[in-house]
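These notes concern the structure reproduced below.
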Amino acid sequence: MPETRRPNPPARASDDAGVRAGKAELRAAIRGARRSPEPAGARRARTQQALTLSLPHEVIALYGSVRNEPDTWSLIDALAGAGRTLLLPVLGRREDGTVRRHPDWAPFAGRDALRAGYAGIAEPTTPPLGADALAEASLIWCAALAATPAGDRLGTGGGWYDRALAHAASQAVRGVLLRDDEVLDRLPVESFDRRIDLIVTPVRTLRTVRAPE
């Protein structure tokens, strides 16, 4: 698939209520559009592209898709079968019942070693490794609703990945899996939003130029 590189990312918007409202409106629109199922061929094409890009990496962080998100489970199964070390988010409460205040990760040990965590999101039952475990990953697939060729990303609204990426290695590749019409020219952004390097859709791969943070 062709890869394009776009040098000149647009200036970031200032933090204000208008930016937050713009994000909320865009999230609602994309979630509504995602209610229309993707063709199976599109899902397979995106997974194959992501798999090809992932295989050179030994430690990969990614997430288990839910509901209408672009599928990641086929990618997880393929990478686990290829012997890669996979880190998945841990969102549920700690064993003592306390709320998990910081991003956390645990190794994927197969579908039989998963449980329903926060909001029903599947998470590993293996021992959590803490936020700093992300520094071991050389590739990080982040949840997203949209992204731009300049590397801006619209997350799902909780800010989890923006906090988690503070613990990533500086050279780690940050990618997102999207439908093709979720690649937009511009996004409303705030100062804490972290950029990504790679966008994969069913029909193309885009490499962005991420500015230093």
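As shown in the structure tokens, the chain order sets the letters A, B, ...; within each chain, residues go from 1, and ligands are also counted from 1 in the order they appear.
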
Just want the 10 Å neighbourhood of A:Arg153, counted on only C-alpha atoms, with same-chain residues fewer than 6 positions away dropped. Output as a count of residues only. 21

From stretch 46-211 of chain A, collect each residue whose DSSP state is alpha helix (DSSP H) and return the set as number ranges by chain. A: 46-54, 73-81, 160-164

Proximity of stretch 92-117 of chain A to stretch 59-83 of chain A: per-residue shortest pair, 10 Å limit, only C-alpha atoms, as a Markdown table:
| residue | atom | partner | partner_atom | distance |
| --- | --- | --- | --- | --- |
| A:Trp105 | CA | A:Ala61 | CA | 8.5 |
| A:Ala106 | CA | A:Ala61 | CA | 9.5 |
| A:Pro107 | CA | A:Ala61 | CA | 9.1 |
| A:Phe108 | CA | A:Ala80 | CA | 8.0 |
| A:Ala109 | CA | A:Ala80 | CA | 8.2 |
| A:Gly110 | CA | A:Ala80 | CA | 7.7 |
| A:Arg111 | CA | A:Asp77 | CA | 8.5 |

With N, CA and C atoms retained, export the selected residues as a PDB file, in the first residue's frame.
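This is the output file out_13.pdb:
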ATOM      1  N   TRP A 105      -0.869  -1.572  32.316  1.00  0.00           N
ATOM      2  CA  TRP A 105      -0.787  -2.547  31.230  1.00  0.00           C
ATOM      3  C   TRP A 105      -0.530  -3.932  31.802  1.00  0.00           C
ATOM      4  N   ALA A 106      -0.965  -4.949  31.060  1.00  0.00           N
ATOM      5  CA  ALA A 106      -0.666  -6.324  31.446  1.00  0.00           C
ATOM      6  C   ALA A 106      -0.438  -7.143  30.178  1.00  0.00           C
ATOM      7  N   PRO A 107       0.371  -8.190  30.256  1.00  0.00           N
ATOM      8  CA  PRO A 107       0.646  -9.012  29.081  1.00  0.00           C
ATOM      9  C   PRO A 107      -0.583  -9.821  28.654  1.00  0.00           C
ATOM     10  N   PHE A 108      -0.782  -9.922  27.359  1.00  0.00           N
ATOM     11  CA  PHE A 108      -1.832 -10.768  26.809  1.00  0.00           C
ATOM     12  C   PHE A 108      -1.344 -12.206  26.835  1.00  0.00           C
ATOM     13  N   ALA A 109      -2.151 -13.100  27.434  1.00  0.00           N
ATOM     14  CA  ALA A 109      -1.781 -14.511  27.548  1.00  0.00           C
ATOM     15  C   ALA A 109      -2.846 -15.404  26.921  1.00  0.00           C
ATOM     16  N   GLY A 110      -3.562 -14.871  25.946  1.00  0.00           N
ATOM     17  CA  GLY A 110      -4.597 -15.648  25.275  1.00  0.00           C
ATOM     18  C   GLY A 110      -5.989 -15.200  25.668  1.00  0.00           C
ATOM     19  N   ARG A 111      -6.939 -15.565  24.834  1.00  0.00           N
ATOM     20  CA  ARG A 111      -8.317 -15.131  25.092  1.00  0.00           C
ATOM     21  C   ARG A 111      -8.910 -15.754  26.352  1.00  0.00           C
TER      22      ARG A 111
END

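Atom pair atom CA of A:Ala28 / atom CA of A:Trp160 has a distance of 18.5 Å (rounded to one decimal).
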
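A straight line drawn from atom CA of A:Ala50 to atom CA of A:Ser138 is 14.2 Å long.
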
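Taking only C-alpha atoms into account, A:Arg27 lies nearest to A:Glu182 out of the set A:Glu182, A:Glu95, A:Glu136, A:Glu58.
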
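Nearest to A:Pro127 of all the residues A:Ala17, A:Val99, A:Leu87, A:Gly151 is A:Leu87, based on only C-alpha atoms.
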
Using DSSP on the backbone, list every residue of chain A that comes out as strand (DSSP E), and give them as a VMD selection string. chain A and resid 3 to 6 59 to 61 85 to 89 105 to 107 114 to 116 122 to 124 139 to 142 146 to 147 153 to 154 173 to 177 198 to 200 205 to 208

Write the selection just made, keeping C-alpha atoms, as a tab-separated table (two decimals), in the first residue's frame?
chain	number	residue	atom	x	y	z
A	3	GLU	CA	2.61	5.55	2.19
A	4	THR	CA	2.51	9.34	2.20
A	5	ARG	CA	4.38	11.77	4.40
A	6	ARG	CA	2.94	15.23	5.11
A	59	VAL	CA	6.81	-5.78	22.02
A	60	ILE	CA	3.56	-4.16	20.91
A	61	ALA	CA	0.94	-2.32	22.95
A	85	THR	CA	4.78	-9.84	23.37
A	86	LEU	CA	1.52	-7.90	23.59
A	87	LEU	CA	0.54	-5.37	26.25
A	88	LEU	CA	-3.14	-4.54	26.75
A	89	PRO	CA	-4.62	-1.79	28.93
A	105	TRP	CA	-0.79	-2.55	31.23
A	106	ALA	CA	-0.67	-6.32	31.45
A	107	PRO	CA	0.65	-9.01	29.08
A	114	LEU	CA	-9.20	-12.17	29.83
A	115	ARG	CA	-11.88	-10.67	32.04
A	116	ALA	CA	-14.38	-7.85	31.68
A	122	ALA	CA	-11.70	-7.01	28.05
A	123	GLU	CA	-8.42	-6.89	29.97
A	124	PRO	CA	-5.78	-9.51	30.79
A	139	LEU	CA	4.86	0.03	18.53
A	140	ILE	CA	1.71	1.36	20.18
A	141	TRP	CA	-1.72	1.05	18.54
A	142	CYS	CA	-3.93	3.72	20.16
A	146	ALA	CA	-10.27	10.11	13.75
A	147	ALA	CA	-6.82	11.39	12.82
A	153	ARG	CA	-5.68	12.18	16.86
A	154	LEU	CA	-9.22	12.33	18.21
A	173	VAL	CA	5.82	4.31	16.77
A	174	ARG	CA	2.27	5.40	17.62
A	175	GLY	CA	-0.45	4.21	15.26
A	176	VAL	CA	-4.23	4.20	14.87
A	177	LEU	CA	-6.66	1.94	12.99
A	198	LEU	CA	0.91	6.08	11.58
A	199	ILE	CA	-2.65	5.76	10.26
A	200	VAL	CA	-3.94	2.50	8.81
A	205	THR	CA	-1.28	3.64	5.15
A	206	LEU	CA	-0.25	7.18	6.08
A	207	ARG	CA	2.97	8.07	7.87
A	208	THR	CA	2.76	11.43	9.58

Here is a test: counting only C-alpha atoms, which residue of A:Ala137, A:Ala29, A:Ala168, A:Leu178 is nearest to A:Pro56? A:Ala137

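Rounded to one decimal, atom CA of A:Ile30 and atom CA of A:His102 lie 27.4 Å from each other.
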